[in-house]
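Novice: The structure follows.
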Amino acid sequence: MRMSHSTFTILLGGNLTVTDRLRDAVAGSRFIAADSGMRHAAALGVTPELWVGDFDSSDAALIAQFPHVERQAFPPAKNETDGEIATTEAIERGAARLIFVGALGGERSDHALQHFFHAMSLAERGLDILLTSGDEEAMPLLPGAKTLGLSKGSLFSVIGFSDLEGLDIIGARYPLDDFSLPFGSSRTVSNVAEGPVEFHLKSGRAMILARPYDMTGA
């Protein structure tokens, strides 16, 4: 499915496994790379329109590989991460949907955790958000409804960022109906999709994490 130009993919420095599902998700989007996230551009066969960061984790060979991409350099001592700078640029260029590639896993747990909180804050501003490593996906769940297209047997979890009220999970091995989930509970970890899964939430904030290719729960 081709995306409109209001969809931006931000290339971050975390792990990436290029899958058909990931390629479909980013097809037709515009791309901005954050520092070493540029290494994913070659794997995806794309050329970002902008490359931002302090370039402390981009070696000379990577820089030489993309000589014609516009670069915005920032000092290492700055108040925002390279990913947040890239996000601001995407929003200024009209982004309504943001896909963060390389946002999960990697060597820096602090960065991966910050990506979750950053994604939640963006969703609260009304943007449509997806984080992905190819093997794993995450999306914020706020009051309302959301549907996640998964194959039968694939694993997913709902991690509450607060107490959750009125949580419905439909289309899963372990469905829930108008459920109250205390903050910190593991009740919604390691569920199994029966196909596309529908979520409803009355109040609270959560993150849906899915492993589309992981059928170990089948």
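Following the order of the structure tokens, chains are lettered A, B, ..., residues in each are numbered from 1, and ligands are numbered from 1.
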Using backbone DSSP assignments, extract all strand (DSSP E) residues from stretch 80-124 of chain A; output them as a PyMOL selection string.
Specialist: chain A and resi 97-101
Novice: May I have the selected residues written with C-alpha atoms, as a compact mmCIF listing (two decimals), in the first residue's frame?
Specialist:
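Resulting contents of again.txt:
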```txt
# COMPACT_ATOMS: atom_id res chain seq x y z
CA ARG A 97 2.26 9.54 10.51
CA LEU A 98 5.71 8.64 11.79
CA ILE A 99 7.42 5.26 11.46
CA PHE A 100 10.54 4.84 13.58
CA VAL A 101 12.81 2.19 12.05
```
Novice: Give me the residues within 8 Å of A:Thr188 as number ranges by chain, counting only C-alpha atoms and dropping any in the same chain fewer than 4 places off.
Specialist: A: 157-159
Novice: For A:Thr87, which residue among A:His111, A:Asp135, A:Ile10, A:Arg71 is the nearest when counting only C-alpha atoms?
Specialist: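 Ranked by minimum distance to A:Thr87, first place goes to A:Ile10.
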Novice: Could you pull out the residues in chain A that DSSP calls helix (DSSP H, G or I) from the backbone, as a VMD selection string?
Specialist: chain A and resid 20 to 26 35 to 44 60 to 65 82 to 92 109 to 124
Novice: List the spatial neighbours of A:Arg21 as a ChimeraX atom specification - criterion: any atom at most 12 Å away, only C-alpha atoms, same-chain residues fewer than 6 positions off excluded.
Specialist: /A:1,27,132-137,149-151,211-213
Novice: Find the spatial neighbours of A:Ile91, counting only C-alpha atoms, within a cut-off of 12 Å - ignore same-chain residues fewer than 3 positions away - and output them as a PyMOL selection string.
Specialist: chain A and resi 5-10+30+32+84-88+94-98+122+125-128
Novice: Generate the output file for the selected residues, C-alpha atoms, as a JSON list (two decimals), in the first residue's frame.
Specialist:
```json
[["chain", "number", "residue", "atom", "x", "y", "z"],
["A", 5, "HIS", "CA", 3.68, 12.20, 1.67],
["A", 6, "SER", "CA", 2.44, 12.99, 5.18],
["A", 7, "THR", "CA", 4.10, 9.71, 6.24],
["A", 8, "PHE", "CA", 7.73, 9.99, 7.31],
["A", 9, "THR", "CA", 10.09, 7.19, 8.24],
["A", 10, "ILE", "CA", 12.78, 8.13, 10.76],
["A", 30, "ARG", "CA", 9.56, 10.12, 3.00],
["A", 32, "ILE", "CA", 14.91, 11.28, 7.40],
["A", 84, "GLU", "CA", 14.07, 13.85, 18.37],
["A", 85, "ILE", "CA", 15.71, 16.37, 16.05],
["A", 86, "ALA", "CA", 14.76, 14.21, 13.06],
["A", 87, "THR", "CA", 11.20, 13.96, 14.35],
["A", 88, "THR", "CA", 10.90, 17.73, 14.69],
["A", 94, "GLY", "CA", 4.07, 17.99, 7.32],
["A", 95, "ALA", "CA", 4.27, 14.57, 8.96],
["A", 96, "ALA", "CA", 0.99, 13.13, 10.25],
["A", 97, "ARG", "CA", 2.26, 9.54, 10.51],
["A", 98, "LEU", "CA", 5.71, 8.64, 11.79],
["A", 122, "LEU", "CA", 3.68, 12.18, 19.89],
["A", 125, "ARG", "CA", -0.41, 15.15, 20.07],
["A", 126, "GLY", "CA", -2.50, 13.27, 17.50],
["A", 127, "LEU", "CA", 0.20, 11.70, 15.32],
["A", 128, "ASP", "CA", -0.06, 8.11, 14.11]]
```
Novice: Report as a PyMOL selection string all protein, DNA and RNA residues lying within 7 Å of A:Arg173, evaluated on only C-alpha atoms, omitting residues in the same chain fewer than 4 positions from it.
Specialist: chain A and resi 191-194
Novice: Could the residues in this selection be written to a file with C-alpha atoms, as a compact mmCIF listing (two decimals), in the first residue's frame?
Specialist:
```
# COMPACT_ATOMS: atom_id res chain seq x y z
CA ASN A 191 -0.97 -13.03 24.25
CA VAL A 192 -1.49 -14.82 20.91
CA ALA A 193 -3.29 -13.36 17.90
CA GLU A 194 -6.08 -15.31 16.21
```
Novice: Could you check which of A:Gly204, A:Gly53, A:Gly102, A:Pro67 is closest to A:Thr17, using only C-alpha atoms?
Specialist: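 Using only C-alpha atoms, the shortest distance to A:Thr17 belongs to A:Gly102.
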Novice: For A:Phe161, which of A:Thr147, A:Val197, A:Tyr174, A:Phe117 is the closest residue, counting only C-alpha atoms?
Specialist: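 The answer is A:Phe117, which sits nearest to A:Phe161.
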